[in-house]
>>> print(open('protein_32.cif').read())   # mmCIF, N, CA and C atoms
data_my_file
loop_
_atom_site.group_PDB
_atom_site.id
_atom_site.type_symbol
_atom_site.label_atom_id
_atom_site.label_comp_id
_atom_site.auth_asym_id
_atom_site.auth_seq_id
_atom_site.Cartn_x
_atom_site.Cartn_y
_atom_site.Cartn_z
ATOM 1 N N MET A 1402 0.841 -1.167 0.000
ATOM 2 C CA MET A 1402 0.000 0.000 0.000
ATOM 3 C C MET A 1402 0.894 1.240 0.000
ATOM 4 N N THR A 1403 0.587 2.166 -0.884
ATOM 5 C CA THR A 1403 1.340 3.411 -0.971
ATOM 6 C C THR A 1403 0.424 4.571 -0.614
ATOM 7 N N ILE A 1404 0.925 5.444 0.230
ATOM 8 C CA ILE A 1404 0.201 6.651 0.634
ATOM 9 C C ILE A 1404 1.051 7.851 0.234
ATOM 10 N N TYR A 1405 0.384 8.851 -0.274
ATOM 11 C CA TYR A 1405 1.060 10.070 -0.710
ATOM 12 C C TYR A 1405 0.677 11.214 0.216
ATOM 13 N N LEU A 1406 1.616 12.124 0.442
ATOM 14 C CA LEU A 1406 1.330 13.328 1.199
ATOM 15 C C LEU A 1406 1.219 14.470 0.201
ATOM 16 N N ASN A 1407 0.021 15.049 0.134
ATOM 17 C CA ASN A 1407 -0.247 16.152 -0.774
ATOM 18 C C ASN A 1407 -0.405 17.433 0.017
ATOM 19 N N MET A 1408 -0.194 18.552 -0.673
ATOM 20 C CA MET A 1408 -0.308 19.856 -0.043
ATOM 21 C C MET A 1408 -1.003 20.796 -1.027
ATOM 22 N N LYS A 1409 -2.006 21.516 -0.538
ATOM 23 C CA LYS A 1409 -2.695 22.492 -1.369
ATOM 24 C C LYS A 1409 -1.988 23.831 -1.221
ATOM 25 N N THR A 1410 -1.583 24.411 -2.354
ATOM 26 C CA THR A 1410 -0.908 25.705 -2.358
ATOM 27 C C THR A 1410 -1.680 26.662 -3.264
ATOM 28 N N SER A 1411 -1.189 27.872 -3.379
ATOM 29 C CA SER A 1411 -1.837 28.840 -4.260
ATOM 30 C C SER A 1411 -1.674 28.444 -5.732
ATOM 31 N N HIS A 1412 -0.744 27.530 -6.016
ATOM 32 C CA HIS A 1412 -0.508 27.065 -7.381
ATOM 33 C C HIS A 1412 -1.228 25.760 -7.680
ATOM 34 N N GLY A 1413 -1.992 25.245 -6.732
ATOM 35 C CA GLY A 1413 -2.704 23.983 -6.910
ATOM 36 C C GLY A 1413 -2.246 22.963 -5.887
ATOM 37 N N ILE A 1414 -2.530 21.713 -6.184
ATOM 38 C CA ILE A 1414 -2.166 20.625 -5.277
ATOM 39 C C ILE A 1414 -0.835 20.027 -5.726
ATOM 40 N N GLU A 1415 0.031 19.764 -4.749
ATOM 41 C CA GLU A 1415 1.356 19.216 -5.028
ATOM 42 C C GLU A 1415 1.602 18.014 -4.121
ATOM 43 N N THR A 1416 2.131 16.936 -4.687
ATOM 44 C CA THR A 1416 2.543 15.778 -3.893
ATOM 45 C C THR A 1416 3.953 16.045 -3.396
ATOM 46 N N VAL A 1417 4.148 15.922 -2.082
ATOM 47 C CA VAL A 1417 5.453 16.232 -1.505
ATOM 48 C C VAL A 1417 6.208 14.999 -1.020
ATOM 49 N N ASP A 1418 5.504 13.879 -0.802
ATOM 50 C CA ASP A 1418 6.194 12.681 -0.330
ATOM 51 C C ASP A 1418 5.356 11.444 -0.623
ATOM 52 N N GLU A 1419 6.024 10.294 -0.596
ATOM 53 C CA GLU A 1419 5.395 9.011 -0.895
ATOM 54 C C GLU A 1419 5.897 7.982 0.120
ATOM 55 N N PHE A 1420 4.974 7.196 0.678
ATOM 56 C CA PHE A 1420 5.340 6.168 1.653
ATOM 57 C C PHE A 1420 4.686 4.849 1.261
ATOM 58 N N THR A 1421 5.477 3.781 1.273
ATOM 59 C CA THR A 1421 4.977 2.440 0.973
ATOM 60 C C THR A 1421 5.220 1.564 2.187
ATOM 61 N N ARG A 1422 4.202 0.816 2.576
ATOM 62 C CA ARG A 1422 4.322 -0.054 3.753
ATOM 63 C C ARG A 1422 5.285 -1.191 3.467
ATOM 64 N N GLN A 1423 6.215 -1.399 4.390
ATOM 65 C CA GLN A 1423 7.180 -2.493 4.293
ATOM 66 C C GLN A 1423 6.506 -3.794 4.716
ATOM 67 N N THR A 1424 6.993 -4.916 4.223
ATOM 68 C CA THR A 1424 6.356 -6.200 4.514
ATOM 69 C C THR A 1424 6.418 -6.552 5.999
ATOM 70 N N GLU A 1425 7.467 -6.142 6.688
ATOM 71 C CA GLU A 1425 7.581 -6.473 8.115
ATOM 72 C C GLU A 1425 6.807 -5.506 9.003
ATOM 73 N N GLN A 1426 6.242 -4.467 8.418
ATOM 74 C CA GLN A 1426 5.499 -3.450 9.166
ATOM 75 C C GLN A 1426 4.029 -3.840 9.241
ATOM 76 N N THR A 1427 3.450 -3.761 10.417
ATOM 77 C CA THR A 1427 2.015 -4.013 10.542
ATOM 78 C C THR A 1427 1.266 -2.777 10.058
ATOM 79 N N PRO A 1428 0.002 -2.936 9.666
ATOM 80 C CA PRO A 1428 -0.776 -1.767 9.256
ATOM 81 C C PRO A 1428 -0.860 -0.703 10.358
ATOM 82 N N LYS A 1429 -0.937 -1.148 11.598
ATOM 83 C CA LYS A 1429 -1.003 -0.207 12.723
ATOM 84 C C LYS A 1429 0.291 0.595 12.831
ATOM 85 N N GLU A 1430 1.434 -0.068 12.680
ATOM 86 C CA GLU A 1430 2.733 0.622 12.727
ATOM 87 C C GLU A 1430 2.871 1.609 11.565
ATOM 88 N N PHE A 1431 2.388 1.205 10.391
ATOM 89 C CA PHE A 1431 2.465 2.066 9.219
ATOM 90 C C PHE A 1431 1.624 3.329 9.407
ATOM 91 N N ARG A 1432 0.408 3.178 9.925
ATOM 92 C CA ARG A 1432 -0.446 4.347 10.186
ATOM 93 C C ARG A 1432 0.183 5.267 11.222
ATOM 94 N N ALA A 1433 0.799 4.698 12.248
ATOM 95 C CA ALA A 1433 1.461 5.509 13.271
ATOM 96 C C ALA A 1433 2.636 6.272 12.669
ATOM 97 N N TYR A 1434 3.398 5.607 11.804
ATOM 98 C CA TYR A 1434 4.528 6.265 11.143
ATOM 99 C C TYR A 1434 4.035 7.394 10.238
ATOM 100 N N LEU A 1435 2.963 7.149 9.494
ATOM 101 C CA LEU A 1435 2.395 8.192 8.639
ATOM 102 C C LEU A 1435 1.937 9.395 9.450
ATOM 103 N N SER A 1436 1.279 9.147 10.563
ATOM 104 C CA SER A 1436 0.815 10.246 11.415
ATOM 105 C C SER A 1436 1.997 11.060 11.933
ATOM 106 N N LYS A 1437 3.073 10.371 12.290
ATOM 107 C CA LYS A 1437 4.273 11.063 12.756
ATOM 108 C C LYS A 1437 4.857 11.941 11.646
ATOM 109 N N MET A 1438 4.897 11.422 10.424
ATOM 110 C CA MET A 1438 5.436 12.182 9.293
ATOM 111 C C MET A 1438 4.557 13.401 8.976
ATOM 112 N N VAL A 1439 3.244 13.231 9.041
ATOM 113 C CA VAL A 1439 2.330 14.358 8.811
ATOM 114 C C VAL A 1439 2.563 15.427 9.869
ATOM 115 N N ASN A 1440 2.730 15.021 11.128
ATOM 116 C CA ASN A 1440 3.009 15.984 12.201
ATOM 117 C C ASN A 1440 4.325 16.718 11.968
ATOM 118 N N GLU A 1441 5.343 16.006 11.477
ATOM 119 C CA GLU A 1441 6.632 16.637 11.180
ATOM 120 C C GLU A 1441 6.484 17.700 10.089
ATOM 121 N N TYR A 1442 5.728 17.387 9.057
ATOM 122 C CA TYR A 1442 5.483 18.369 7.995
ATOM 123 C C TYR A 1442 4.707 19.570 8.540
ATOM 124 N N HIS A 1443 3.739 19.318 9.422
ATOM 125 C CA HIS A 1443 2.978 20.422 10.018
ATOM 126 C C HIS A 1443 3.885 21.319 10.860
ATOM 127 N N ILE A 1444 4.810 20.729 11.607
ATOM 128 C CA ILE A 1444 5.763 21.505 12.406
ATOM 129 C C ILE A 1444 6.611 22.389 11.486
ATOM 130 N N ALA A 1445 6.940 21.864 10.294
ATOM 131 C CA ALA A 1445 7.743 22.612 9.329
ATOM 132 C C ALA A 1445 6.923 23.669 8.580
ATOM 133 N N GLY A 1446 5.625 23.754 8.881
ATOM 134 C CA GLY A 1446 4.781 24.764 8.254
ATOM 135 C C GLY A 1446 4.137 24.330 6.955
ATOM 136 N N MET A 1447 4.181 23.043 6.669
ATOM 137 C CA MET A 1447 3.569 22.529 5.433
ATOM 138 C C MET A 1447 2.277 21.804 5.793
ATOM 139 N N ASN A 1448 1.163 22.307 5.290
ATOM 140 C CA ASN A 1448 -0.144 21.747 5.616
ATOM 141 C C ASN A 1448 -0.458 20.583 4.676
ATOM 142 N N VAL A 1449 0.143 19.410 4.952
ATOM 143 C CA VAL A 1449 -0.034 18.235 4.104
ATOM 144 C C VAL A 1449 -1.201 17.392 4.605
ATOM 145 N N TYR A 1450 -1.704 16.551 3.690
ATOM 146 C CA TYR A 1450 -2.745 15.593 4.051
ATOM 147 C C TYR A 1450 -2.456 14.283 3.335
ATOM 148 N N LYS A 1451 -2.966 13.176 3.898
ATOM 149 C CA LYS A 1451 -2.739 11.853 3.325
ATOM 150 C C LYS A 1451 -3.700 11.621 2.159
ATOM 151 N N SER A 1452 -3.207 10.958 1.117
ATOM 152 C CA SER A 1452 -4.017 10.666 -0.048
ATOM 153 C C SER A 1452 -3.589 9.331 -0.647
ATOM 154 N N SER A 1453 -4.522 8.645 -1.279
ATOM 155 C CA SER A 1453 -4.180 7.390 -1.952
ATOM 156 C C SER A 1453 -3.692 7.646 -3.377
ATOM 157 N N ARG A 1454 -3.788 8.903 -3.832
ATOM 158 C CA ARG A 1454 -3.361 9.231 -5.193
ATOM 159 C C ARG A 1454 -2.387 10.404 -5.197
ATOM 160 N N PRO A 1455 -1.363 10.326 -6.048
ATOM 161 C CA PRO A 1455 -0.459 11.472 -6.198
ATOM 162 C C PRO A 1455 -1.016 12.432 -7.248
ATOM 163 N N THR A 1456 -0.367 13.557 -7.406
ATOM 164 C CA THR A 1456 -0.731 14.470 -8.486
ATOM 165 C C THR A 1456 -0.158 13.939 -9.793
ATOM 166 N N ARG A 1457 -0.640 14.461 -10.904
ATOM 167 C CA ARG A 1457 -0.161 14.005 -12.213
ATOM 168 C C ARG A 1457 1.337 14.258 -12.377
ATOM 169 N N ASP A 1458 1.807 15.360 -11.824
ATOM 170 C CA ASP A 1458 3.216 15.728 -11.980
ATOM 171 C C ASP A 1458 4.164 14.847 -11.177
ATOM 172 N N TRP A 1459 3.681 14.101 -10.208
ATOM 173 C CA TRP A 1459 4.550 13.314 -9.326
ATOM 174 C C TRP A 1459 5.388 12.314 -10.122
ATOM 175 N N TYR A 1460 4.793 11.659 -11.107
ATOM 176 C CA TYR A 1460 5.526 10.646 -11.872
ATOM 177 C C TYR A 1460 6.414 11.261 -12.942
ATOM 178 N N LYS A 1461 6.209 12.538 -13.251
ATOM 179 C CA LYS A 1461 7.016 13.203 -14.263
ATOM 180 C C LYS A 1461 8.319 13.745 -13.695
ATOM 181 N N LYS A 1462 8.412 13.833 -12.372
ATOM 182 C CA LYS A 1462 9.609 14.381 -11.740
ATOM 183 C C LYS A 1462 10.802 13.464 -11.937
ATOM 184 N N GLU A 1463 11.962 14.075 -12.088
ATOM 185 C CA GLU A 1463 13.204 13.326 -12.172
ATOM 186 C C GLU A 1463 13.590 12.840 -10.777
ATOM 187 N N PRO A 1464 14.025 11.586 -10.638
ATOM 188 C CA PRO A 1464 14.476 11.119 -9.302
ATOM 189 C C PRO A 1464 15.731 11.852 -8.870
ATOM 190 N N LEU A 1465 15.865 12.029 -7.565
ATOM 191 C CA LEU A 1465 17.048 12.689 -7.027
ATOM 192 C C LEU A 1465 18.261 11.768 -7.168
ATOM 193 N N THR A 1466 19.359 12.329 -7.619
ATOM 194 C CA THR A 1466 20.596 11.559 -7.697
ATOM 195 C C THR A 1466 21.668 12.328 -6.931
ATOM 196 N N TYR A 1467 22.489 11.603 -6.248
ATOM 197 C CA TYR A 1467 23.540 12.226 -5.440
ATOM 198 C C TYR A 1467 24.886 11.899 -5.983
#
>>> encode(input="protein_32.cif", output="structure tokens")
Amino acid sequence: MTIYLNMKTSHGIETVDEFTRQTEQTPKEFRAYLSKMVNEYHIAGMNVYKSSRPTRDWYKKEPLTY
């Protein structure tokens, strides 16, 4: 299961992060981790919400390379 964190801005809706449940993680642990991540984004001033779908632009982005 993949959950996306989206944020509504003045430019529209933007997907800011993606989380996929690991096989060793229980659904309860995954939900707790997601809630913690949403709280972290809120502390940073980003009003994100959980969604089962990303924005169209999410798949068009280039992956980060280091």
>>> residues_around(input="protein_32.cif", residues="Ser1453 of chain A", least_positions_apart="2", cutoff="6.5 Å", atoms="all atoms listed in the file", output="PyMOL selection string")
chain A and resi 1403-1405+1451+1455
>>> resolve_selection(input="protein_32.cif", expression="the PyMOL selection byres ((chain A and resi 1416-1421) around 8)", output="PyMOL selection string")
chain A and resi 1402-1409+1413-1415+1422-1424+1431+1435+1449+1454-1459
>>> atom_distance(input="protein_32.cif", atom1="atom CA of Lys1429 of chain A", atom2="atom CA of Glu1441 of chain A")
18.6 Å
>>> axis_aligned_box(input="protein_32.cif", around="segment 1441-1451 of chain A", padding_each_side="3 Å", output="lines of an AutoDock Vina configuration file")
center_x = 2.0
center_y = 18.2
center_z = 7.3
size_x = 17.4
size_y = 19.1
size_z = 16.2
>>> atom_distance(input="protein_32.cif", atom1="atom N of Arg1432 of chain A", atom2="atom C of Tyr1460 of chain A")
25.0 Å
>>> select_by_dssp(input="protein_32.cif", residues="chain A", states="strand (DSSP E)", output="MDAnalysis selection string")
chainID A and resid 1403:1410 1413:1421 1449:1452
>>> atom_distance(input="protein_32.cif", atom1="atom CA of Thr1410 of chain A", atom2="atom CA of Ser1452 of chain A")
15.5 Å
